[in-house]
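To keep things clear, I will list the structure first and then write my remarks on it.
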Amino acid sequence: MNRHTLPRPIALALALLVVAACKKPAPPPAPEPVRVENATLGLFIGALPDGFRVESNDGETLRFASDGATGAGTLTVAIDRSSRSVNVVEEAKSAQKELEALPEATFAGGNELVTPAGAGYAVRGSWSEGGVRIEERRIFALHPDGSGRLITLVDRYPAGDAANARDRFGRELALLSALEAP
């Protein structure tokens with residue numbers, strides 16, 4: 001052994017220490033997905049999409065807090081329990097009239113949707129309430145259980161620009177797509 005070299009076991013131990021010190025720590029585990037089930041409405045969400053927190057899940061009430069660049073909003077899910085025939089286009093036209101009747105209303109248009117349960121429709125409008133501009137999007141679709149019942153998502157939040165509306169619409173569609181029949 002040369003006087004400038006370390007004994008083999010010590011060199012090996014030092015090499016292992018250097019390798020261990022260079023390793024990045026493991027990332028923290030991903031949070032468990034939030035599962036939501038509402039037996040009264042016949043709805044189940046296996047993993048609640050980002051940007052939503054359960055605000056109320058009791059009987060006929062399924063409501064989420066919705067985050068956004070302009071502030072927090074509230075998204076409510078409702079089921080029409082009547083046995084009437086559902087026409088999502090007519091629902092959207094009716095919602096348009098309601099939104100246009102609000103103070104200083106601006107109707108921003110609608111979108112035809114293809115949802116997991118069939119055709120859907122979304123409309124968006126804004127109005128003034130107590131000096132604050134409020135925006136609302138209503139999404140009409142069929143219940144994922146195939147019953148033909150109307151499901152309505154209503155997201156109400158502080159109005160913002162077009163980028164904010166697009167961001168919220170993407171998250172609303174993610175929530176709609178996550179809705180399943182248990």
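Chain labels run A, B, ... following the order of the structure tokens; each chain numbers its residues from 1, and ligands are numbered from 1 in the order shown.
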
### Message
From a backbone DSSP assignment, name each residue in chain A labelled helix (DSSP H, G or I), as a ChimeraX atom specification.
### Response
/A:8-22,88-100,162-178

### Message
Give me the residues near Asp161 of chain A as a ChimeraX atom specification, where near means some atom within 12 Å (using only C-alpha atoms) and where sequence neighbours in that chain fewer than 6 positions away do not count.
### Response
/A:68-70,108,126,133-135,167-168

Considering only C-alpha atoms, give me a table of residues in segment 60-155 of chain A that are at most 12 Å from segment 31-47 of chain A, with the closest atom pair and distance in Å for each, as a tab-separated table.
```
residue	atom	partner	partner_atom	distance
A:Glu60	CA	A:Thr40	CA	6.1
A:Thr61	CA	A:Leu41	CA	8.4
A:Leu62	CA	A:Asn38	CA	7.5
A:Arg63	CA	A:Asn38	CA	10.9
A:Phe64	CA	A:Val36	CA	10.7
A:Val77	CA	A:Leu41	CA	9.0
A:Ala78	CA	A:Leu41	CA	7.8
A:Ile79	CA	A:Leu41	CA	6.5
A:Asp80	CA	A:Leu41	CA	9.5
A:Arg81	CA	A:Leu41	CA	9.2
A:His143	CA	A:Leu43	CA	8.5
A:Pro144	CA	A:Leu43	CA	8.0
A:Asp145	CA	A:Gly42	CA	7.7
A:Gly146	CA	A:Gly42	CA	11.1
A:Ser147	CA	A:Gly42	CA	10.6
A:Arg149	CA	A:Leu41	CA	10.6
A:Leu150	CA	A:Leu41	CA	11.2
A:Ile151	CA	A:Leu41	CA	9.4
A:Thr152	CA	A:Leu41	CA	11.6
```

### Task
List every residue of segment 24-162 of chain A that DSSP, applied to the backbone of this structure, places in strand (DSSP E), and write the result as a VMD selection string.
chain A and resid 36 to 38 43 to 45 52 to 58 61 to 66 73 to 79 106 to 115 118 to 129 132 to 142 150 to 158

### Task
Name the closest residue to Thr106 of chain A among the candidates A:Val89, A:Ala65, A:Ala159, A:Leu175; distances are taken between atoms, counting only C-alpha atoms.
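The answer is A:Ala159, which sits nearest to Thr106 of chain A.
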
### Query
Can you tell me, as a list in words, what residues are no more than 10 Å from Val88 of chain A when counting only C-alpha atoms, ignoring any on the same chain fewer than 3 positions away?
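The filter keeps Ser85, Glu91, Ala92, Lys93, Ser94, Glu112, Leu113, Ala119, Gly120, Tyr121, Ala122, Ile139, Phe140, Ala141, Leu142, Leu150, Ile151 and Thr152 of chain A.
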
Could the residues in this selection be saved with N, CA and C atoms as a PDB file, in the first residue's frame?
```
ATOM      1  N   SER A  85     -88.876  16.003 -19.762  1.00  0.00           N
ATOM      2  CA  SER A  85     -87.844  15.789 -20.767  1.00  0.00           C
ATOM      3  C   SER A  85     -86.865  16.961 -20.706  1.00  0.00           C
ATOM      4  N   GLU A  91     -82.573  25.004 -21.693  1.00  0.00           N
ATOM      5  CA  GLU A  91     -82.117  25.403 -20.350  1.00  0.00           C
ATOM      6  C   GLU A  91     -81.150  26.580 -20.470  1.00  0.00           C
ATOM      7  N   ALA A  92     -80.253  26.510 -21.439  1.00  0.00           N
ATOM      8  CA  ALA A  92     -79.280  27.579 -21.642  1.00  0.00           C
ATOM      9  C   ALA A  92     -79.964  28.874 -22.073  1.00  0.00           C
ATOM     10  N   LYS A  93     -80.946  28.788 -22.952  1.00  0.00           N
ATOM     11  CA  LYS A  93     -81.685  29.985 -23.386  1.00  0.00           C
ATOM     12  C   LYS A  93     -82.415  30.624 -22.214  1.00  0.00           C
ATOM     13  N   SER A  94     -83.002  29.806 -21.362  1.00  0.00           N
ATOM     14  CA  SER A  94     -83.693  30.317 -20.176  1.00  0.00           C
ATOM     15  C   SER A  94     -82.702  31.003 -19.234  1.00  0.00           C
ATOM     16  N   GLU A 112     -71.493  24.923 -26.584  1.00  0.00           N
ATOM     17  CA  GLU A 112     -72.048  23.573 -26.637  1.00  0.00           C
ATOM     18  C   GLU A 112     -70.955  22.626 -26.156  1.00  0.00           C
ATOM     19  N   LEU A 113     -71.343  21.636 -25.373  1.00  0.00           N
ATOM     20  CA  LEU A 113     -70.375  20.717 -24.778  1.00  0.00           C
ATOM     21  C   LEU A 113     -70.688  19.279 -25.159  1.00  0.00           C
ATOM     22  N   ALA A 119     -74.838  15.345 -24.578  1.00  0.00           N
ATOM     23  CA  ALA A 119     -74.759  16.773 -24.889  1.00  0.00           C
ATOM     24  C   ALA A 119     -74.884  17.619 -23.628  1.00  0.00           C
ATOM     25  N   GLY A 120     -74.236  18.778 -23.660  1.00  0.00           N
ATOM     26  CA  GLY A 120     -74.321  19.734 -22.566  1.00  0.00           C
ATOM     27  C   GLY A 120     -74.227  21.135 -23.132  1.00  0.00           C
ATOM     28  N   TYR A 121     -74.436  22.127 -22.266  1.00  0.00           N
ATOM     29  CA  TYR A 121     -74.366  23.508 -22.702  1.00  0.00           C
ATOM     30  C   TYR A 121     -73.930  24.367 -21.524  1.00  0.00           C
ATOM     31  N   ALA A 122     -73.132  25.392 -21.820  1.00  0.00           N
ATOM     32  CA  ALA A 122     -72.679  26.317 -20.779  1.00  0.00           C
ATOM     33  C   ALA A 122     -72.985  27.740 -21.227  1.00  0.00           C
ATOM     34  N   ILE A 139     -73.611  25.477 -16.212  1.00  0.00           N
ATOM     35  CA  ILE A 139     -73.371  24.344 -17.102  1.00  0.00           C
ATOM     36  C   ILE A 139     -74.529  23.374 -16.935  1.00  0.00           C
ATOM     37  N   PHE A 140     -75.140  23.018 -18.058  1.00  0.00           N
ATOM     38  CA  PHE A 140     -76.276  22.106 -18.070  1.00  0.00           C
ATOM     39  C   PHE A 140     -75.848  20.819 -18.775  1.00  0.00           C
ATOM     40  N   ALA A 141     -76.082  19.691 -18.128  1.00  0.00           N
ATOM     41  CA  ALA A 141     -75.710  18.396 -18.711  1.00  0.00           C
ATOM     42  C   ALA A 141     -76.668  17.338 -18.175  1.00  0.00           C
ATOM     43  N   LEU A 142     -76.520  16.149 -18.683  1.00  0.00           N
ATOM     44  CA  LEU A 142     -77.329  15.031 -18.204  1.00  0.00           C
ATOM     45  C   LEU A 142     -76.589  14.302 -17.095  1.00  0.00           C
ATOM     46  N   LEU A 150     -81.540  16.295 -15.434  1.00  0.00           N
ATOM     47  CA  LEU A 150     -80.683  17.460 -15.645  1.00  0.00           C
ATOM     48  C   LEU A 150     -79.776  17.665 -14.446  1.00  0.00           C
ATOM     49  N   ILE A 151     -78.503  17.883 -14.721  1.00  0.00           N
ATOM     50  CA  ILE A 151     -77.554  18.281 -13.688  1.00  0.00           C
ATOM     51  C   ILE A 151     -77.078  19.677 -14.058  1.00  0.00           C
ATOM     52  N   THR A 152     -77.035  20.564 -13.080  1.00  0.00           N
ATOM     53  CA  THR A 152     -76.635  21.950 -13.319  1.00  0.00           C
ATOM     54  C   THR A 152     -75.496  22.314 -12.381  1.00  0.00           C
TER      55      THR A 152
END
```

### Message
I'd like the contact shell of Arg138 of chain A - 6 Å cut-off, only C-alpha atoms, skipping same-chain residues fewer than 5 positions apart - returned as a PyMOL selection string.
### Response
chain A and resi 122-123+153-154
